[in-house]
file structure-v7.cif (mmCIF, C-alpha atoms)
data_model
loop_
_atom_site.label_atom_id
_atom_site.label_comp_id
_atom_site.auth_asym_id
_atom_site.auth_seq_id
_atom_site.Cartn_x
_atom_site.Cartn_y
_atom_site.Cartn_z
CA MET A 1 41.28 -53.75 -3.27
CA ASN A 2 38.32 -52.00 -1.87
CA ALA A 3 35.16 -52.23 -3.84
CA LEU A 4 33.22 -49.00 -4.19
CA THR A 5 29.91 -48.74 -2.48
CA PRO A 6 26.86 -47.78 -4.53
CA GLU A 7 26.90 -44.30 -2.94
CA GLN A 8 30.52 -43.77 -3.99
CA LEU A 9 29.72 -44.88 -7.54
CA VAL A 10 26.88 -42.36 -7.74
CA ILE A 11 29.18 -39.59 -6.49
CA ARG A 12 31.88 -40.57 -8.98
CA LYS A 13 29.36 -40.59 -11.90
CA ARG A 14 27.99 -37.22 -10.79
CA GLY A 15 31.54 -35.80 -10.67
CA ARG A 16 32.25 -37.05 -14.20
CA ARG A 17 29.01 -35.49 -15.49
CA VAL A 18 29.92 -32.14 -13.91
CA LEU A 19 33.41 -32.31 -15.42
CA LEU A 20 31.97 -33.15 -18.88
CA LEU A 21 29.42 -30.34 -18.55
CA ILE A 22 32.15 -27.81 -17.70
CA PHE A 23 34.25 -29.11 -20.59
CA ALA A 24 31.29 -28.81 -23.03
CA MET A 25 30.40 -25.30 -21.85
CA PHE A 26 33.98 -24.05 -22.21
CA PHE A 27 34.80 -25.58 -25.59
CA GLY A 28 31.22 -25.19 -26.89
CA SER A 29 31.28 -21.44 -26.32
CA MET A 30 34.68 -21.22 -28.03
CA ALA A 31 33.34 -23.19 -31.00
CA LEU A 32 30.26 -20.97 -31.23
CA ALA A 33 32.41 -17.82 -31.09
CA GLY A 34 34.63 -19.20 -33.87
CA ILE A 35 31.64 -20.06 -36.05
CA LEU A 36 30.15 -16.58 -35.62
CA ARG A 37 33.50 -14.89 -36.24
CA PHE A 38 34.29 -16.76 -39.45
CA SER A 39 30.74 -16.50 -40.81
CA GLY A 40 31.10 -12.70 -40.82
CA TRP A 41 28.49 -11.98 -38.17
CA MET A 42 29.04 -8.80 -36.16
CA PRO A 43 27.05 -7.48 -33.21
CA GLN A 44 24.65 -4.67 -34.13
CA VAL A 45 26.55 -2.22 -31.90
CA ASN A 46 29.65 -2.39 -34.11
CA ARG A 47 27.87 -1.96 -37.42
CA ASN A 48 27.86 1.25 -39.38
CA HIS A 49 24.63 2.88 -40.40
CA GLY A 50 26.17 3.91 -43.70
CA GLN A 51 27.73 1.73 -46.38
CA LEU A 52 31.41 1.26 -45.54
CA PHE A 53 33.87 1.37 -48.45
CA GLU A 54 36.66 -1.17 -48.13
CA PRO A 55 39.05 -0.06 -49.43
CA ALA A 56 38.19 3.60 -49.02
CA LEU A 57 37.97 5.69 -52.20
CA ASP A 58 40.93 8.04 -52.64
CA LEU A 59 40.04 11.66 -53.51
CA ARG A 60 43.34 13.25 -52.45
CA GLN A 61 44.35 14.07 -56.02
CA GLU A 62 41.12 15.98 -56.72
CA GLN A 63 41.73 19.71 -57.06
CA LEU A 64 38.62 21.19 -55.47
CA ARG A 65 37.67 24.87 -55.57
CA LEU A 66 35.41 26.78 -53.22
CA ALA A 67 32.57 28.82 -54.73
CA ASP A 68 34.73 31.99 -54.59
CA GLY A 69 37.42 30.28 -56.72
CA SER A 70 39.98 29.68 -53.97
CA ALA A 71 41.49 26.22 -53.61
CA TYR A 72 40.04 23.80 -51.08
CA GLU A 73 42.88 22.01 -49.32
CA TRP A 74 42.45 18.57 -47.74
CA ASN A 75 44.83 19.50 -44.87
CA PRO A 76 45.01 16.19 -42.96
CA ALA A 77 46.77 17.85 -40.01
CA ALA A 78 43.57 19.78 -39.17
CA ARG A 79 41.74 16.44 -38.56
CA HIS A 80 38.50 17.61 -40.21
CA TRP A 81 35.94 15.01 -41.21
CA ARG A 82 33.69 15.98 -44.10
CA ILE A 83 30.06 15.32 -44.89
CA VAL A 84 29.71 15.62 -48.67
CA LEU A 85 26.69 15.86 -50.89
CA ALA A 86 26.56 16.40 -54.63
CA PRO A 87 22.89 16.92 -55.53
CA ALA A 88 21.49 17.66 -58.97
CA ALA A 89 20.81 21.32 -59.76
CA ASP A 90 16.99 20.97 -59.50
CA CYS A 91 16.73 19.51 -55.99
CA ALA A 92 15.23 22.50 -54.13
CA PRO A 93 12.71 20.87 -51.74
CA ALA A 94 14.81 17.79 -51.01
CA CYS A 95 18.00 19.85 -50.67
CA VAL A 96 16.43 22.23 -48.17
CA THR A 97 15.23 19.34 -46.00
CA LEU A 98 18.61 17.61 -46.23
CA SER A 99 20.46 20.82 -45.36
CA GLN A 100 18.29 21.23 -42.24
CA GLN A 101 19.01 17.64 -41.20
CA LEU A 102 22.77 18.02 -41.77
CA ASP A 103 22.83 21.31 -39.85
CA THR A 104 21.09 19.60 -36.92
CA VAL A 105 23.56 16.71 -37.04
CA TRP A 106 26.46 19.18 -37.12
CA ARG A 107 25.11 21.14 -34.13
CA LEU A 108 24.65 17.94 -32.11
CA PHE A 109 28.41 17.33 -32.24
CA GLY A 110 28.82 20.13 -29.68
CA HIS A 111 32.49 20.84 -29.01
CA ASN A 112 33.48 18.40 -31.80
CA ALA A 113 31.52 20.40 -34.39
CA ASP A 114 34.66 22.35 -35.26
CA ASN A 115 36.12 19.10 -36.61
CA VAL A 116 33.31 18.53 -39.13
CA GLU A 117 32.71 20.34 -42.41
CA ILE A 118 29.73 20.02 -44.73
CA LEU A 119 30.84 20.20 -48.37
CA TRP A 120 28.19 21.02 -50.96
CA LEU A 121 29.27 20.21 -54.49
CA GLY A 122 27.62 22.72 -56.85
CA THR A 123 25.36 25.67 -56.17
CA PRO A 124 22.80 25.11 -53.40
CA PRO A 125 19.28 26.55 -53.63
CA GLU A 126 18.78 29.91 -51.87
CA GLN A 127 16.56 28.34 -49.16
CA VAL A 128 19.35 26.03 -47.92
CA VAL A 129 20.25 26.50 -44.25
CA ALA A 130 23.37 28.65 -43.93
CA SER A 131 25.35 26.53 -41.48
CA PRO A 132 28.75 27.73 -40.22
CA ALA A 133 30.14 24.36 -41.30
CA LEU A 134 28.82 24.62 -44.87
CA LYS A 135 31.46 25.08 -47.56
CA VAL A 136 30.16 25.38 -51.11
CA LEU A 137 32.45 23.86 -53.73
CA GLN A 138 32.38 24.56 -57.43
CA ALA A 139 30.78 21.81 -59.49
CA SER A 140 33.33 19.13 -60.33
CA PRO A 141 32.29 16.47 -62.84
CA ALA A 142 35.49 14.53 -62.02
CA LEU A 143 34.60 14.37 -58.33
CA ARG A 144 30.97 13.45 -59.05
CA ALA A 145 32.17 10.62 -61.27
CA LYS A 146 34.26 9.19 -58.41
CA LEU A 147 31.37 9.15 -55.90
CA PRO A 148 29.60 5.78 -56.24
CA GLY A 149 25.84 5.99 -56.63
CA VAL A 150 25.81 9.80 -56.71
CA ASP A 151 22.98 9.88 -59.29
CA ASP A 152 20.69 7.62 -57.27
CA PRO A 153 17.14 7.92 -58.65
CA ALA A 154 15.77 7.60 -55.09
CA GLY A 155 17.28 10.94 -54.04
CA ILE A 156 20.45 12.50 -52.68
CA PRO A 157 23.11 10.29 -51.10
CA VAL A 158 25.54 11.68 -48.52
CA TYR A 159 29.19 10.69 -48.11
CA VAL A 160 31.69 10.89 -45.25
CA ILE A 161 35.29 11.72 -46.13
CA ASP A 162 38.11 11.24 -43.63
CA PRO A 163 40.71 13.95 -42.82
CA ASN A 164 43.09 12.54 -45.44
CA GLY A 165 40.65 12.72 -48.35
CA PHE A 166 39.29 9.15 -48.48
CA VAL A 167 35.57 8.45 -48.90
CA VAL A 168 34.79 5.98 -46.12
CA LEU A 169 30.97 5.90 -45.87
CA ARG A 170 27.92 6.41 -48.09
CA TYR A 171 24.40 7.03 -46.84
CA ALA A 172 21.60 6.12 -49.23
CA PRO A 173 18.84 8.64 -49.98
CA GLY A 174 16.34 8.88 -47.14
CA PHE A 175 18.89 7.79 -44.53
CA ASP A 176 18.37 8.35 -40.81
CA PRO A 177 20.39 11.44 -39.76
CA GLY A 178 20.80 9.87 -36.30
CA GLY A 179 22.79 7.05 -37.90
CA LEU A 180 25.09 9.55 -39.60
CA ARG A 181 25.62 11.29 -36.28
CA THR A 182 26.36 8.01 -34.49
CA ASP A 183 28.88 6.87 -37.12
CA LEU A 184 30.63 10.23 -37.31
CA SER A 185 30.75 10.51 -33.50
CA ARG A 186 32.65 7.21 -33.43
CA LEU A 187 35.01 8.44 -36.14
CA LEU A 188 35.66 11.73 -34.33
CA LYS A 189 37.00 9.74 -31.39
CA LEU A 190 39.74 8.30 -33.63
CA LYS A 191 42.08 11.25 -33.21
#
call {"tool": "encode", "arguments": {"input": "structure-v7.cif", "output": "structure tokens"}}
result
Amino acid sequence: MNALTPEQLVIRKRGRRVLLLIFAMFFGSMALAGILRFSGWMPQVNRNHGQLFEPALDLRQEQLRLADGSAYEWNPAARHWRIVLAPAADCAPACVTLSQQLDTVWRLFGHNADNVEILWLGTPPEQVVASPALKVLQASPALRAKLPGVDDPAGIPVYVIDPNGFVVLRYAPGFDPGGLRTDLSRLLKLK
């Protein structure tokens, strides 16, 4: 048998180190990915700005009426997403500001704006922005009771309802309207 020279031994050791390093990098990254996945961590890009309801809250059985008394139909085939707010009757300054923000968000959807409605539960103050997307619904204590955190002492929360009538997101009072727009833009792509 041939004995290995010192140079060949060095090369062989170096080759083993490289092989072990490749092995550690491959399986180490898989282990790290598994740890992150099972710990519940998600990249910031995939997170919602609003509070996601899992499971979504079912409002399909609610019989809603528009301010003129006609029935409001959920109509899932139309693929309309809804931004819903149910403020208290005495919310004038905060409601006006919120209506301006929601109108801006709605306008920023551009050609997708026709697929978004803003539902106002109860009678809005006179100064509220008259958006083409705004639909005023008659006050419904049953619907208010189903919206979690609707009577938040910090202000007026906003909800997103999918085309089928499920509440999927809640935005706490004082939320960033840009976050609502981002989340709803993603949802609009789910045709």
call {"tool": "resolve_selection", "arguments": {"input": "structure-v7.cif", "expression": "the PyMOL selection byres ((chain A and resi 86) around 6)", "output": "number ranges by chain"}}
result
A: 85, 87, 121
call {"tool": "residues_around", "arguments": {"input": "structure-v7.cif", "residues": "Pro148 (chain A)", "least_positions_apart": "5", "cutoff": "12 Å", "atoms": "only C-alpha atoms", "output": "list in words"}}
result
Gln51, Leu52, Phe53, Ala56, Leu57, Leu85, Ala86, Leu143, Ile156, Pro157, Val158, Tyr159, Val167, Val168, Leu169, Arg170, Tyr171 and Ala172 of chain A
call {"tool": "closest_residue", "arguments": {"input": "structure-v7.cif", "among": "A:Val105, A:Leu36, A:Val128, A:Ala142", "to": "Glu62 (chain A)", "atoms": "only C-alpha atoms"}}
result
A:Ala142
call {"tool": "closest_residue", "arguments": {"input": "structure-v7.cif", "among": "A:Trp41, A:Arg60, A:Glu7, A:Leu32", "to": "Asn75 (chain A)", "atoms": "only C-alpha atoms"}}
result
A:Arg60
call {"tool": "resolve_selection", "arguments": {"input": "structure-v7.cif", "expression": "the PyMOL selection byres ((chain A and resi 174) around 12)", "output": "ChimeraX atom specification"}}
result
/A:50,94-95,97-98,101,152-158,170-173,175-180
call {"tool": "write_last_selection", "arguments": {"input": "structure-v7.cif", "atoms": "C-alpha atoms", "output": "tab-separated table (two decimals), in the coordinates of the input"}}
result
chain	number	residue	atom	x	y	z
A	50	GLY	CA	26.17	3.91	-43.70
A	94	ALA	CA	14.81	17.79	-51.01
A	95	CYS	CA	18.00	19.85	-50.67
A	97	THR	CA	15.23	19.34	-46.00
A	98	LEU	CA	18.61	17.61	-46.23
A	101	GLN	CA	19.01	17.64	-41.20
A	152	ASP	CA	20.69	7.62	-57.27
A	153	PRO	CA	17.14	7.92	-58.65
A	154	ALA	CA	15.77	7.60	-55.09
A	155	GLY	CA	17.28	10.94	-54.04
A	156	ILE	CA	20.45	12.50	-52.68
A	157	PRO	CA	23.11	10.29	-51.10
A	158	VAL	CA	25.54	11.68	-48.52
A	170	ARG	CA	27.92	6.41	-48.09
A	171	TYR	CA	24.40	7.03	-46.84
A	172	ALA	CA	21.60	6.12	-49.23
A	173	PRO	CA	18.84	8.64	-49.98
A	175	PHE	CA	18.89	7.79	-44.53
A	176	ASP	CA	18.37	8.35	-40.81
A	177	PRO	CA	20.39	11.44	-39.76
A	178	GLY	CA	20.80	9.87	-36.30
A	179	GLY	CA	22.79	7.05	-37.90
A	180	LEU	CA	25.09	9.55	-39.60
call {"tool": "atom_distance", "arguments": {"input": "structure-v7.cif", "atom1": "CA of Leu4 (chain A)", "atom2": "CA of Leu20 (chain A)"}}
result
21.6 Å
call {"tool": "resolve_selection", "arguments": {"input": "structure-v7.cif", "expression": "the PyMOL selection byres ((chain A and resi 64) around 8)", "output": "list in words"}}
result
Glu62, Gln63, Arg65, Leu66, Ala71, Tyr72, Glu73, Leu137, Gln138 and Ser140 of chain A
call {"tool": "atom_distance", "arguments": {"input": "structure-v7.cif", "atom1": "CA of Ala92 (chain A)", "atom2": "CA of Leu108 (chain A)"}}
result
24.4 Å
call {"tool": "atom_distance", "arguments": {"input": "structure-v7.cif", "atom1": "CA of Arg82 (chain A)", "atom2": "CA of Glu54 (chain A)"}}
result
17.9 Å
call {"tool": "residues_around", "arguments": {"input": "structure-v7.cif", "residues": "Val116 (chain A)", "least_positions_apart": "3", "cutoff": "9 Å", "atoms": "all atoms listed in the file", "output": "VMD selection string"}}
result
chain A and resid 79 to 83 106 109 112 to 113 133 184 188
call {"tool": "write_last_selection", "arguments": {"input": "structure-v7.cif", "atoms": "C-alpha atoms", "output": "mmCIF file, keeping the file's coordinate frame"}}
result
data_model
loop_
_atom_site.group_PDB
_atom_site.id
_atom_site.type_symbol
_atom_site.label_atom_id
_atom_site.label_comp_id
_atom_site.auth_asym_id
_atom_site.auth_seq_id
_atom_site.Cartn_x
_atom_site.Cartn_y
_atom_site.Cartn_z
ATOM 1 C CA ARG A 79 41.740 16.440 -38.560
ATOM 2 C CA HIS A 80 38.500 17.610 -40.210
ATOM 3 C CA TRP A 81 35.940 15.010 -41.210
ATOM 4 C CA ARG A 82 33.690 15.980 -44.100
ATOM 5 C CA ILE A 83 30.060 15.320 -44.890
ATOM 6 C CA TRP A 106 26.460 19.180 -37.120
ATOM 7 C CA PHE A 109 28.410 17.330 -32.240
ATOM 8 C CA ASN A 112 33.480 18.400 -31.800
ATOM 9 C CA ALA A 113 31.520 20.400 -34.390
ATOM 10 C CA ALA A 133 30.140 24.360 -41.300
ATOM 11 C CA LEU A 184 30.630 10.230 -37.310
ATOM 12 C CA LEU A 188 35.660 11.730 -34.330
#
call {"tool": "closest_residue", "arguments": {"input": "structure-v7.cif", "among": "A:Arg16, A:Asp114, A:Leu187, A:Trp74", "to": "Pro163 (chain A)", "atoms": "all atoms listed in the file"}}
result
A:Trp74
call {"tool": "residues_around", "arguments": {"input": "structure-v7.cif", "residues": "Ser131 (chain A)", "least_positions_apart": "6", "cutoff": "9 Å", "atoms": "only C-alpha atoms", "output": "PyMOL selection string"}}
result
chain A and resi 99-100+102-103+106+118
call {"tool": "closest_residue", "arguments": {"input": "structure-v7.cif", "among": "A:Ala3, A:Met42, A:Ala78, A:Ile35", "to": "Asn164 (chain A)", "atoms": "only C-alpha atoms"}}
result
A:Ala78
